[in-house]
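Enquirer: If it helps, the file is called upload.pdb and holds PDB, C-alpha atoms:
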```pdb
MODEL        1
ATOM      1  CA  MET A   1      48.265  -7.551 -55.267
ATOM      2  CA  ASP A   2      46.429  -4.785 -53.421
ATOM      3  CA  MET A   3      42.685  -5.460 -53.664
ATOM      4  CA  ARG A   4      41.321  -2.229 -52.237
ATOM      5  CA  ALA A   5      38.701  -0.440 -54.277
ATOM      6  CA  ASP A   6      39.639   2.610 -56.296
ATOM      7  CA  PRO A   7      38.119   5.510 -54.281
ATOM      8  CA  ARG A   8      38.380   7.944 -57.213
ATOM      9  CA  ARG A   9      35.459   6.367 -59.054
ATOM     10  CA  VAL A  10      31.751   6.541 -58.489
ATOM     11  CA  ALA A  11      30.688   3.299 -56.893
ATOM     12  CA  PHE A  12      27.649   1.230 -57.596
ATOM     13  CA  ALA A  13      25.374   1.257 -54.550
ATOM     14  CA  LEU A  14      22.194  -0.609 -53.749
ATOM     15  CA  THR A  15      20.044  -0.812 -50.624
ATOM     16  CA  HIS A  16      17.448  -3.517 -50.034
ATOM     17  CA  VAL A  17      15.327  -4.677 -47.082
ATOM     18  CA  VAL A  18      14.204  -8.249 -46.449
ATOM     19  CA  ALA A  19      11.556  -9.149 -43.891
ATOM     20  CA  VAL A  20      13.656 -11.737 -42.051
ATOM     21  CA  PRO A  21      16.141 -11.591 -39.172
ATOM     22  CA  ARG A  22      19.757 -10.757 -39.910
ATOM     23  CA  ASP A  23      20.969 -14.174 -38.708
ATOM     24  CA  SER A  24      18.890 -15.860 -41.432
ATOM     25  CA  VAL A  25      20.328 -13.543 -44.071
ATOM     26  CA  TRP A  26      23.847 -14.207 -42.790
ATOM     27  CA  ALA A  27      23.290 -17.969 -42.979
ATOM     28  CA  ALA A  28      22.160 -17.619 -46.616
ATOM     29  CA  LEU A  29      25.440 -15.842 -47.392
ATOM     30  CA  SER A  30      27.811 -18.007 -45.355
ATOM     31  CA  ASN A  31      26.461 -21.542 -45.815
ATOM     32  CA  PRO A  32      27.272 -23.119 -49.215
ATOM     33  CA  ASP A  33      24.054 -25.171 -49.420
ATOM     34  CA  ARG A  34      21.910 -22.152 -48.635
ATOM     35  CA  PHE A  35      23.908 -19.874 -50.924
ATOM     36  CA  ALA A  36      23.351 -22.217 -53.880
ATOM     37  CA  ARG A  37      19.575 -22.085 -53.378
ATOM     38  CA  TRP A  38      19.229 -18.396 -54.215
ATOM     39  CA  TRP A  39      22.344 -16.999 -55.936
ATOM     40  CA  GLY A  40      22.509 -16.979 -59.731
ATOM     41  CA  GLY A  41      19.977 -16.412 -62.441
ATOM     42  CA  GLU A  42      16.378 -17.536 -62.596
ATOM     43  CA  GLY A  43      16.002 -20.984 -64.124
ATOM     44  CA  ALA A  44      19.671 -21.837 -63.719
ATOM     45  CA  GLN A  45      21.159 -24.697 -61.749
ATOM     46  CA  LYS A  46      23.567 -23.392 -59.142
ATOM     47  CA  ARG A  47      26.342 -25.239 -57.389
ATOM     48  CA  VAL A  48      29.025 -24.283 -54.938
ATOM     49  CA  ALA A  49      32.288 -26.067 -55.707
ATOM     50  CA  SER A  50      33.995 -24.746 -52.585
ATOM     51  CA  MET A  51      33.505 -22.201 -49.840
ATOM     52  CA  SER A  52      36.091 -21.240 -47.231
ATOM     53  CA  PHE A  53      34.196 -18.604 -45.295
ATOM     54  CA  HIS A  54      36.952 -16.668 -43.536
ATOM     55  CA  PRO A  55      39.107 -13.649 -44.424
ATOM     56  CA  GLY A  56      41.457 -14.800 -47.172
ATOM     57  CA  GLY A  57      39.160 -17.717 -48.040
ATOM     58  CA  ARG A  58      37.166 -17.997 -51.203
ATOM     59  CA  LEU A  59      33.915 -19.103 -52.744
ATOM     60  CA  LEU A  60      33.904 -20.865 -56.118
ATOM     61  CA  TYR A  61      30.511 -21.446 -57.736
ATOM     62  CA  ALA A  62      28.999 -22.351 -61.091
ATOM     63  CA  ILE A  63      25.781 -21.325 -62.778
ATOM     64  CA  ASP A  64      24.539 -23.873 -65.318
ATOM     65  CA  ARG A  65      21.964 -23.033 -67.974
ATOM     66  CA  PRO A  66      20.626 -25.363 -70.650
ATOM     67  CA  ASN A  67      22.666 -25.325 -73.872
ATOM     68  CA  GLU A  68      25.377 -23.096 -72.401
ATOM     69  CA  PRO A  69      28.745 -23.848 -70.831
ATOM     70  CA  PRO A  70      28.852 -23.324 -67.054
ATOM     71  CA  ARG A  71      29.606 -19.773 -65.890
ATOM     72  CA  TRP A  72      32.001 -19.827 -62.968
ATOM     73  CA  GLY A  73      32.489 -17.104 -60.395
ATOM     74  CA  ARG A  74      34.678 -16.647 -57.380
ATOM     75  CA  TRP A  75      34.646 -14.408 -54.347
ATOM     76  CA  VAL A  76      37.767 -13.850 -52.266
ATOM     77  CA  TYR A  77      36.753 -12.805 -48.771
ATOM     78  CA  ARG A  78      38.634  -9.792 -47.400
ATOM     79  CA  ASP A  79      36.725  -8.992 -44.208
ATOM     80  CA  ILE A  80      33.958 -10.797 -42.340
ATOM     81  CA  ILE A  81      32.218  -9.352 -39.315
ATOM     82  CA  GLU A  82      29.398 -11.713 -38.362
ATOM     83  CA  PRO A  83      26.521 -10.896 -38.919
ATOM     84  CA  ALA A  84      27.107  -7.300 -39.980
ATOM     85  CA  ARG A  85      29.644  -6.992 -42.805
ATOM     86  CA  LEU A  86      31.002  -9.002 -45.690
ATOM     87  CA  VAL A  87      33.796  -7.596 -47.866
ATOM     88  CA  PHE A  88      34.902  -9.582 -50.910
ATOM     89  CA  VAL A  89      36.402  -9.280 -54.365
ATOM     90  CA  ALA A  90      34.341 -10.959 -57.089
ATOM     91  CA  SER A  91      35.641 -12.234 -60.420
ATOM     92  CA  CYS A  92      34.547 -14.400 -63.297
ATOM     93  CA  ALA A  93      36.496 -17.631 -63.090
ATOM     94  CA  ASP A  94      37.237 -20.999 -64.615
ATOM     95  CA  ALA A  95      36.452 -24.328 -62.940
ATOM     96  CA  ASN A  96      39.774 -24.177 -61.064
ATOM     97  CA  GLY A  97      39.135 -20.696 -59.674
ATOM     98  CA  GLY A  98      41.450 -18.868 -62.073
ATOM     99  CA  VAL A  99      40.293 -15.360 -62.962
ATOM    100  CA  THR A 100      38.837 -15.026 -66.472
ATOM    101  CA  ARG A 101      37.079 -12.439 -68.574
ATOM    102  CA  HIS A 102      33.306 -12.115 -68.398
ATOM    103  CA  PRO A 103      31.933 -14.390 -71.154
ATOM    104  CA  ARG A 104      29.387 -11.853 -72.415
ATOM    105  CA  VAL A 105      30.927  -8.506 -71.438
ATOM    106  CA  PRO A 106      34.589  -8.698 -72.506
ATOM    107  CA  HIS A 107      35.569  -5.350 -70.949
ATOM    108  CA  TRP A 108      33.998  -6.061 -67.555
ATOM    109  CA  PRO A 109      36.592  -5.523 -64.778
ATOM    110  CA  ARG A 110      38.358  -8.718 -63.727
ATOM    111  CA  TYR A 111      38.034  -7.721 -60.067
ATOM    112  CA  VAL A 112      35.124  -5.947 -58.383
ATOM    113  CA  HIS A 113      35.378  -5.037 -54.702
ATOM    114  CA  HIS A 114      32.086  -5.368 -52.778
ATOM    115  CA  THR A 115      31.207  -4.234 -49.280
ATOM    116  CA  LEU A 116      27.907  -5.621 -48.015
ATOM    117  CA  ASP A 117      26.638  -4.237 -44.724
ATOM    118  CA  LEU A 118      23.667  -5.828 -42.958
ATOM    119  CA  ALA A 119      21.675  -3.884 -40.369
ATOM    120  CA  ASP A 120      18.668  -4.704 -38.229
ATOM    121  CA  VAL A 121      15.701  -2.527 -39.166
ATOM    122  CA  ALA A 122      12.071  -2.601 -38.108
ATOM    123  CA  GLY A 123      10.651  -5.814 -39.503
ATOM    124  CA  GLY A 124      13.815  -7.264 -40.965
ATOM    125  CA  THR A 125      17.294  -6.700 -42.334
ATOM    126  CA  GLU A 126      18.661  -3.958 -44.550
ATOM    127  CA  PHE A 127      21.405  -4.691 -47.106
ATOM    128  CA  ARG A 128      23.734  -1.876 -48.123
ATOM    129  CA  LEU A 129      25.964  -2.884 -51.013
ATOM    130  CA  CYS A 130      28.779  -0.740 -52.397
ATOM    131  CA  SER A 131      30.819  -2.029 -55.367
ATOM    132  CA  ARG A 132      33.844  -0.673 -57.257
ATOM    133  CA  PRO A 133      36.223  -2.043 -59.876
ATOM    134  CA  VAL A 134      39.737  -2.891 -58.721
ATOM    135  CA  HIS A 135      42.909  -2.621 -60.864
ATOM    136  CA  ALA A 136      40.751  -1.804 -63.870
ATOM    137  CA  SER A 137      41.637  -0.070 -67.108
ATOM    138  CA  GLU A 138      39.791   3.086 -68.120
ATOM    139  CA  GLU A 139      37.750   1.006 -70.576
ATOM    140  CA  GLU A 140      36.822  -1.511 -67.844
ATOM    141  CA  ILE A 141      35.818   1.301 -65.492
ATOM    142  CA  ARG A 142      33.638   2.879 -68.195
ATOM    143  CA  THR A 143      32.047  -0.524 -68.875
ATOM    144  CA  PHE A 144      31.332  -0.966 -65.157
ATOM    145  CA  GLU A 145      29.831   2.519 -64.893
ATOM    146  CA  ASP A 146      27.828   2.107 -68.127
ATOM    147  CA  ARG A 147      26.321  -1.136 -66.837
ATOM    148  CA  HIS A 148      25.070   0.165 -63.481
ATOM    149  CA  ASP A 149      21.446  -0.264 -64.655
ATOM    150  CA  SER A 150      22.100  -3.865 -65.673
ATOM    151  CA  LEU A 151      23.930  -4.538 -62.406
ATOM    152  CA  HIS A 152      21.006  -3.042 -60.496
ATOM    153  CA  ARG A 153      18.531  -5.348 -62.304
ATOM    154  CA  ASP A 154      20.717  -8.431 -61.773
ATOM    155  CA  LEU A 155      21.182  -7.743 -58.072
ATOM    156  CA  ALA A 156      17.522  -6.814 -57.577
ATOM    157  CA  ASP A 157      16.661 -10.205 -59.109
ATOM    158  CA  ALA A 158      19.152 -11.916 -56.774
ATOM    159  CA  TRP A 159      17.696 -10.145 -53.725
ATOM    160  CA  ALA A 160      14.170 -11.158 -54.858
ATOM    161  CA  ARG A 161      15.296 -14.802 -55.047
ATOM    162  CA  LEU A 162      16.865 -14.408 -51.608
ATOM    163  CA  ASP A 163      13.597 -12.908 -50.292
ATOM    164  CA  ALA A 164      11.633 -15.868 -51.652
ATOM    165  CA  TYR A 165      14.135 -18.397 -50.340
ATOM    166  CA  LEU A 166      14.220 -16.856 -46.872
ATOM    167  CA  ALA A 167      10.436 -16.466 -46.710
ATOM    168  CA  GLY A 168      10.092 -20.171 -47.506
ATOM    169  CA  GLU A 169      12.732 -21.065 -44.946
ATOM    170  CA  ILE A 170      11.002 -19.067 -42.197
ATOM    171  CA  GLU A 171       7.622 -20.651 -43.051
ATOM    172  CA  ILE A 172       9.155 -24.123 -42.897
ATOM    173  CA  GLN A 173      10.846 -23.417 -39.566
ATOM    174  CA  THR A 174       7.547 -22.156 -38.147
ATOM    175  CA  GLU A 175       5.749 -25.256 -39.431
ATOM    176  CA  LYS A 176       8.409 -27.505 -37.925
ATOM    177  CA  GLU A 177       8.111 -25.786 -34.562
ATOM    178  CA  SER A 178       4.330 -25.988 -34.513
ATOM    179  CA  ASN A 179       4.238 -29.649 -35.596
ATOM    180  CA  HIS A 180       7.384 -30.649 -33.707
ATOM    181  CA  ALA A 181       8.469 -32.272 -36.937
ATOM    182  CA  SER A 182      12.022 -33.522 -37.213
ATOM    183  CA  ARG A 183      11.983 -34.200 -40.946
ATOM    184  CA  THR A 184      13.670 -31.890 -43.439
ATOM    185  CA  LEU A 185      11.311 -30.153 -45.822
ATOM    186  CA  PRO A 186      12.413 -28.898 -49.227
ATOM    187  CA  VAL A 187      12.607 -25.143 -49.659
ATOM    188  CA  VAL A 188      11.144 -24.075 -52.955
ATOM    189  CA  PRO A 189      11.459 -20.380 -53.842
ATOM    190  CA  ARG A 190       8.183 -18.804 -54.903
TER     191      ARG A 190
ENDMDL
END
```
Rewrite the coordinates I just gave you, this time as structure tokens.

Expert:
Amino acid sequence: MDMRADPRRVAFALTHVVAVPRDSVWAALSNPDRFARWWGGEGAQKRVASMSFHPGGRLLYAIDRPNEPPRWGRWVYRDIIEPARLVFVASCADANGGVTRHPRVPHWPRYVHHTLDLADVAGGTEFRLCSRPVHASEEEIRTFEDRHDSLHRDLADAWARLDAYLAGEIEIQTEKESNHASRTLPVVPR
């Protein structure tokens, strides 16, 4: 199956800057323990079931909320250029990684192609995300386009959690260096 994005449609795009070095951002995207600390909704328990971080590999994760069944997601990595670009196709999934429908938005596209570019900027790292549905029906494309505002809010929340996680990580690293501590300190997002 060809997983290139449909260039005929208007893509969802979002730019965001975090005040941390690009290598720290890359580690939060490529390390399963770090990824689980910030991805997913506020107040949810996140877990990474598997991550094979290489082109053709995949990420399978779950987001657990009280009184709800787990929501599974998967990313299939298409291109990885460390630490500058991550291209992947995201889908809702079951616990085995099989593609499923979105549990709350039944006409959400089964496959969404994402290109995430990371660039060094003064004082930090800039994210440039571009997303498009793949192999989607007209109804799925309309649903994707109609939900750009919701997608923007969800991703802005995710980037805010990433900001908080990375800010805490940098503070802990600085404290470790100044105290020459060898113990591991918990990172608690603000």

Enquirer: What is the atom CA of A:Arg85-atom CA of A:Thr115 distance in Å, reported with one decimal?

Expert: 7.2 Å

Enquirer: For the point (24.4, 1.4, -61.1) in the file's frame, write as a list of chain:residue names all residues with an atom no more than 10 Å away, counting all atoms listed in the file.

Expert: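 The residues near that point, listed by chain and number, are A:Val10, A:Ala11, A:Phe12, A:Ala13, A:Leu14, A:Cys130, A:Ser131, A:Phe144, A:Glu145, A:Asp146, A:Arg147, A:His148, A:Asp149, A:Ser150, A:Leu151, A:His152, A:Arg153.
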
Enquirer: List the residues selected by the PyMOL selection byres ((chain A and resi 91) around 12) in the file shown, writing them as a tab-separated table (two decimals) with C-alpha atoms, keeping the file's coordinate frame.

Expert:
```tsv
chain	number	residue	atom	x	y	z
A	3	MET	CA	42.68	-5.46	-53.66
A	58	ARG	CA	37.17	-18.00	-51.20
A	59	LEU	CA	33.92	-19.10	-52.74
A	60	LEU	CA	33.90	-20.86	-56.12
A	61	TYR	CA	30.51	-21.45	-57.74
A	71	ARG	CA	29.61	-19.77	-65.89
A	72	TRP	CA	32.00	-19.83	-62.97
A	73	GLY	CA	32.49	-17.10	-60.40
A	74	ARG	CA	34.68	-16.65	-57.38
A	75	TRP	CA	34.65	-14.41	-54.35
A	76	VAL	CA	37.77	-13.85	-52.27
A	77	TYR	CA	36.75	-12.80	-48.77
A	88	PHE	CA	34.90	-9.58	-50.91
A	89	VAL	CA	36.40	-9.28	-54.36
A	90	ALA	CA	34.34	-10.96	-57.09
A	92	CYS	CA	34.55	-14.40	-63.30
A	93	ALA	CA	36.50	-17.63	-63.09
A	94	ASP	CA	37.24	-21.00	-64.61
A	97	GLY	CA	39.14	-20.70	-59.67
A	98	GLY	CA	41.45	-18.87	-62.07
A	99	VAL	CA	40.29	-15.36	-62.96
A	100	THR	CA	38.84	-15.03	-66.47
A	101	ARG	CA	37.08	-12.44	-68.57
A	102	HIS	CA	33.31	-12.12	-68.40
A	103	PRO	CA	31.93	-14.39	-71.15
A	108	TRP	CA	34.00	-6.06	-67.56
A	109	PRO	CA	36.59	-5.52	-64.78
A	110	ARG	CA	38.36	-8.72	-63.73
A	111	TYR	CA	38.03	-7.72	-60.07
A	112	VAL	CA	35.12	-5.95	-58.38
A	113	HIS	CA	35.38	-5.04	-54.70
A	114	HIS	CA	32.09	-5.37	-52.78
A	133	PRO	CA	36.22	-2.04	-59.88
A	134	VAL	CA	39.74	-2.89	-58.72
```

Enquirer: Please list as a list in words every residue within 10 Å of A:His107, counting all atoms listed in the file and excluding residues in the same chain fewer than 5 positions away.

Expert: Arg101, His102, Ala136, Ser137, Glu138, Glu139, Glu140, Ile141, Arg142, Thr143 and Phe144 of chain A

Enquirer: Please produce a file of those selected residues containing C-alpha atoms, as a CSV table (one decimal), keeping the file's coordinate frame.

Expert:
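Below is the file that was written, selection-v9.csv:
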```
chain,number,residue,atom,x,y,z
A,101,ARG,CA,37.1,-12.4,-68.6
A,102,HIS,CA,33.3,-12.1,-68.4
A,136,ALA,CA,40.8,-1.8,-63.9
A,137,SER,CA,41.6,-0.1,-67.1
A,138,GLU,CA,39.8,3.1,-68.1
A,139,GLU,CA,37.8,1.0,-70.6
A,140,GLU,CA,36.8,-1.5,-67.8
A,141,ILE,CA,35.8,1.3,-65.5
A,142,ARG,CA,33.6,2.9,-68.2
A,143,THR,CA,32.0,-0.5,-68.9
A,144,PHE,CA,31.3,-1.0,-65.2
```

Enquirer: Just say which residues the PyMOL selection byres ((chain A and resi 123) around 10) picks in this file, as an mmCIF file with C-alpha atoms, in the coordinates of the input.

Expert:
```
data_model
loop_
_atom_site.group_PDB
_atom_site.id
_atom_site.type_symbol
_atom_site.label_atom_id
_atom_site.label_comp_id
_atom_site.auth_asym_id
_atom_site.auth_seq_id
_atom_site.Cartn_x
_atom_site.Cartn_y
_atom_site.Cartn_z
ATOM 1 C CA VAL A 17 15.327 -4.677 -47.082
ATOM 2 C CA VAL A 18 14.204 -8.249 -46.449
ATOM 3 C CA ALA A 19 11.556 -9.149 -43.891
ATOM 4 C CA VAL A 20 13.656 -11.737 -42.051
ATOM 5 C CA PRO A 21 16.141 -11.591 -39.172
ATOM 6 C CA ASP A 120 18.668 -4.704 -38.229
ATOM 7 C CA VAL A 121 15.701 -2.527 -39.166
ATOM 8 C CA ALA A 122 12.071 -2.601 -38.108
ATOM 9 C CA GLY A 124 13.815 -7.264 -40.965
ATOM 10 C CA THR A 125 17.294 -6.700 -42.334
ATOM 11 C CA GLU A 126 18.661 -3.958 -44.550
#
```

Enquirer: Report as a list of chain:residue names all protein, DNA and RNA residues lying within 9 Å of A:Asp117, evaluated on only C-alpha atoms, omitting residues in the same chain fewer than 4 positions from it.

Expert: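 Returned residues: A:Pro83, A:Ala84, A:Arg85, A:Leu86, A:Val87, A:Glu126, A:Phe127, A:Arg128, A:Leu129, A:Cys130.
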
Enquirer: Store the residues picked out above, limited to C-alpha atoms, as an mmCIF file, in the coordinates of the input.

Expert:
```
data_model
loop_
_atom_site.group_PDB
_atom_site.id
_atom_site.type_symbol
_atom_site.label_atom_id
_atom_site.label_comp_id
_atom_site.auth_asym_id
_atom_site.auth_seq_id
_atom_site.Cartn_x
_atom_site.Cartn_y
_atom_site.Cartn_z
ATOM 1 C CA PRO A 83 26.521 -10.896 -38.919
ATOM 2 C CA ALA A 84 27.107 -7.300 -39.980
ATOM 3 C CA ARG A 85 29.644 -6.992 -42.805
ATOM 4 C CA LEU A 86 31.002 -9.002 -45.690
ATOM 5 C CA VAL A 87 33.796 -7.596 -47.866
ATOM 6 C CA GLU A 126 18.661 -3.958 -44.550
ATOM 7 C CA PHE A 127 21.405 -4.691 -47.106
ATOM 8 C CA ARG A 128 23.734 -1.876 -48.123
ATOM 9 C CA LEU A 129 25.964 -2.884 -51.013
ATOM 10 C CA CYS A 130 28.779 -0.740 -52.397
#
```

Enquirer: So how many Å separate atom CA of A:Asp23 and atom CA of A:Arg78, to one decimal?

Expert: 20.2 Å

Enquirer: Taking all atoms listed in the file into account, which of A:Asn31, A:Arg37, A:Val48, A:Gly56 comes nearest A:Ala158?

Expert: A:Arg37

Enquirer: Choose the residue, out of A:Pro32, A:Trp26, A:Pro55, A:Ala44, that has the smallest atom-to-atom separation from A:Pro69; count all atoms listed in the file.

Expert: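 Smallest separation from A:Pro69 among the options: A:Ala44.
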
Enquirer: Could you jot down the atom CA of A:Lys46 to atom CA of A:Glu82 separation for me, Å, one decimal place?

Expert: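 These two atoms are separated by 24.5 Å.
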
Enquirer: With distances taken over only C-alpha atoms, which of A:Ala156, A:Arg47, A:Arg22, A:His54 is nearest to A:Ile80?

Expert: A:His54

Enquirer: What residues have an atom no more than 12 Å from (15.4, -12.9, -52.9) in the file's own frame, counting all atoms listed in the file, and can you write them as number ranges by chain?

Expert: A: 16-20, 25, 28-29, 35, 37-42, 127, 154-169, 188-190

Enquirer: Write out, as a PDB file, keeping the file's coordinate frame, the residues just selected, with C-alpha atoms.

Expert:
```
ATOM      1  CA  HIS A  16      17.448  -3.517 -50.034  1.00  0.00           C
ATOM      2  CA  VAL A  17      15.327  -4.677 -47.082  1.00  0.00           C
ATOM      3  CA  VAL A  18      14.204  -8.249 -46.449  1.00  0.00           C
ATOM      4  CA  ALA A  19      11.556  -9.149 -43.891  1.00  0.00           C
ATOM      5  CA  VAL A  20      13.656 -11.737 -42.051  1.00  0.00           C
ATOM      6  CA  VAL A  25      20.328 -13.543 -44.071  1.00  0.00           C
ATOM      7  CA  ALA A  28      22.160 -17.619 -46.616  1.00  0.00           C
ATOM      8  CA  LEU A  29      25.440 -15.842 -47.392  1.00  0.00           C
ATOM      9  CA  PHE A  35      23.908 -19.874 -50.924  1.00  0.00           C
ATOM     10  CA  ARG A  37      19.575 -22.085 -53.378  1.00  0.00           C
ATOM     11  CA  TRP A  38      19.229 -18.396 -54.215  1.00  0.00           C
ATOM     12  CA  TRP A  39      22.344 -16.999 -55.936  1.00  0.00           C
ATOM     13  CA  GLY A  40      22.509 -16.979 -59.731  1.00  0.00           C
ATOM     14  CA  GLY A  41      19.977 -16.412 -62.441  1.00  0.00           C
ATOM     15  CA  GLU A  42      16.378 -17.536 -62.596  1.00  0.00           C
ATOM     16  CA  PHE A 127      21.405  -4.691 -47.106  1.00  0.00           C
ATOM     17  CA  ASP A 154      20.717  -8.431 -61.773  1.00  0.00           C
ATOM     18  CA  LEU A 155      21.182  -7.743 -58.072  1.00  0.00           C
ATOM     19  CA  ALA A 156      17.522  -6.814 -57.577  1.00  0.00           C
ATOM     20  CA  ASP A 157      16.661 -10.205 -59.109  1.00  0.00           C
ATOM     21  CA  ALA A 158      19.152 -11.916 -56.774  1.00  0.00           C
ATOM     22  CA  TRP A 159      17.696 -10.145 -53.725  1.00  0.00           C
ATOM     23  CA  ALA A 160      14.170 -11.158 -54.858  1.00  0.00           C
ATOM     24  CA  ARG A 161      15.296 -14.802 -55.047  1.00  0.00           C
ATOM     25  CA  LEU A 162      16.865 -14.408 -51.608  1.00  0.00           C
ATOM     26  CA  ASP A 163      13.597 -12.908 -50.292  1.00  0.00           C
ATOM     27  CA  ALA A 164      11.633 -15.868 -51.652  1.00  0.00           C
ATOM     28  CA  TYR A 165      14.135 -18.397 -50.340  1.00  0.00           C
ATOM     29  CA  LEU A 166      14.220 -16.856 -46.872  1.00  0.00           C
ATOM     30  CA  ALA A 167      10.436 -16.466 -46.710  1.00  0.00           C
ATOM     31  CA  GLY A 168      10.092 -20.171 -47.506  1.00  0.00           C
ATOM     32  CA  GLU A 169      12.732 -21.065 -44.946  1.00  0.00           C
ATOM     33  CA  VAL A 188      11.144 -24.075 -52.955  1.00  0.00           C
ATOM     34  CA  PRO A 189      11.459 -20.380 -53.842  1.00  0.00           C
ATOM     35  CA  ARG A 190       8.183 -18.804 -54.903  1.00  0.00           C
TER      36      ARG A 190
END
```

Enquirer: Quick one: apply the PyMOL selection byres ((chain A and resi 66) around 10) to the file and drop the selected residues here as a list in words.

Expert: Gly43, Ala44, Gln45, Asp64, Arg65, Asn67, Glu68, Pro69 and Pro70 of chain A

Enquirer: Using the atoms already present, construct N, CA and C atoms for stretch 109-125 of chain A and hand them back as an mmCIF file, in the coordinates of the input.

Expert:
```
data_model
loop_
_atom_site.group_PDB
_atom_site.id
_atom_site.type_symbol
_atom_site.label_atom_id
_atom_site.label_comp_id
_atom_site.auth_asym_id
_atom_site.auth_seq_id
_atom_site.Cartn_x
_atom_site.Cartn_y
_atom_site.Cartn_z
ATOM 1 N N PRO A 109 35.386 -5.422 -65.608
ATOM 2 C CA PRO A 109 36.592 -5.523 -64.778
ATOM 3 C C PRO A 109 36.802 -6.954 -64.262
ATOM 4 N N ARG A 110 38.044 -7.372 -64.233
ATOM 5 C CA ARG A 110 38.358 -8.718 -63.727
ATOM 6 C C ARG A 110 38.113 -8.831 -62.231
ATOM 7 N N TYR A 111 38.217 -7.721 -61.517
ATOM 8 C CA TYR A 111 38.034 -7.721 -60.067
ATOM 9 C C TYR A 111 37.072 -6.598 -59.688
ATOM 10 N N VAL A 112 36.058 -6.946 -58.900
ATOM 11 C CA VAL A 112 35.124 -5.947 -58.383
ATOM 12 C C VAL A 112 35.049 -6.123 -56.867
ATOM 13 N N HIS A 113 35.367 -5.055 -56.171
ATOM 14 C CA HIS A 113 35.378 -5.037 -54.702
ATOM 15 C C HIS A 113 33.969 -4.716 -54.208
ATOM 16 N N HIS A 114 33.434 -5.555 -53.321
ATOM 17 C CA HIS A 114 32.086 -5.368 -52.778
ATOM 18 C C HIS A 114 32.163 -5.263 -51.260
ATOM 19 N N THR A 115 31.422 -4.318 -50.721
ATOM 20 C CA THR A 115 31.207 -4.234 -49.280
ATOM 21 C C THR A 115 29.711 -4.356 -49.062
ATOM 22 N N LEU A 116 29.314 -5.369 -48.314
ATOM 23 C CA LEU A 116 27.907 -5.621 -48.015
ATOM 24 C C LEU A 116 27.720 -5.470 -46.510
ATOM 25 N N ASP A 117 26.958 -4.455 -46.131
ATOM 26 C CA ASP A 117 26.638 -4.237 -44.724
ATOM 27 C C ASP A 117 25.204 -4.681 -44.478
ATOM 28 N N LEU A 118 24.991 -5.369 -43.367
ATOM 29 C CA LEU A 118 23.667 -5.828 -42.958
ATOM 30 C C LEU A 118 23.310 -5.145 -41.645
ATOM 31 N N ALA A 119 22.105 -4.582 -41.579
ATOM 32 C CA ALA A 119 21.675 -3.884 -40.369
ATOM 33 C C ALA A 119 20.265 -4.325 -40.004
ATOM 34 N N ASP A 120 20.023 -4.443 -38.705
ATOM 35 C CA ASP A 120 18.668 -4.704 -38.229
ATOM 36 C C ASP A 120 17.833 -3.446 -38.436
ATOM 37 N N VAL A 121 16.666 -3.617 -39.019
ATOM 38 C CA VAL A 121 15.701 -2.527 -39.166
ATOM 39 C C VAL A 121 14.345 -3.066 -38.740
ATOM 40 N N ALA A 122 13.408 -2.174 -38.516
ATOM 41 C CA ALA A 122 12.071 -2.601 -38.108
ATOM 42 C C ALA A 122 11.533 -3.611 -39.118
ATOM 43 N N GLY A 123 11.239 -4.793 -38.651
ATOM 44 C CA GLY A 123 10.651 -5.814 -39.503
ATOM 45 C C GLY A 123 11.616 -6.623 -40.330
ATOM 46 N N GLY A 124 12.921 -6.446 -40.162
ATOM 47 C CA GLY A 124 13.815 -7.264 -40.965
ATOM 48 C C GLY A 124 15.260 -6.816 -40.972
ATOM 49 N N THR A 125 15.874 -6.968 -42.160
ATOM 50 C CA THR A 125 17.294 -6.700 -42.334
ATOM 51 C C THR A 125 17.490 -5.829 -43.565
#
```
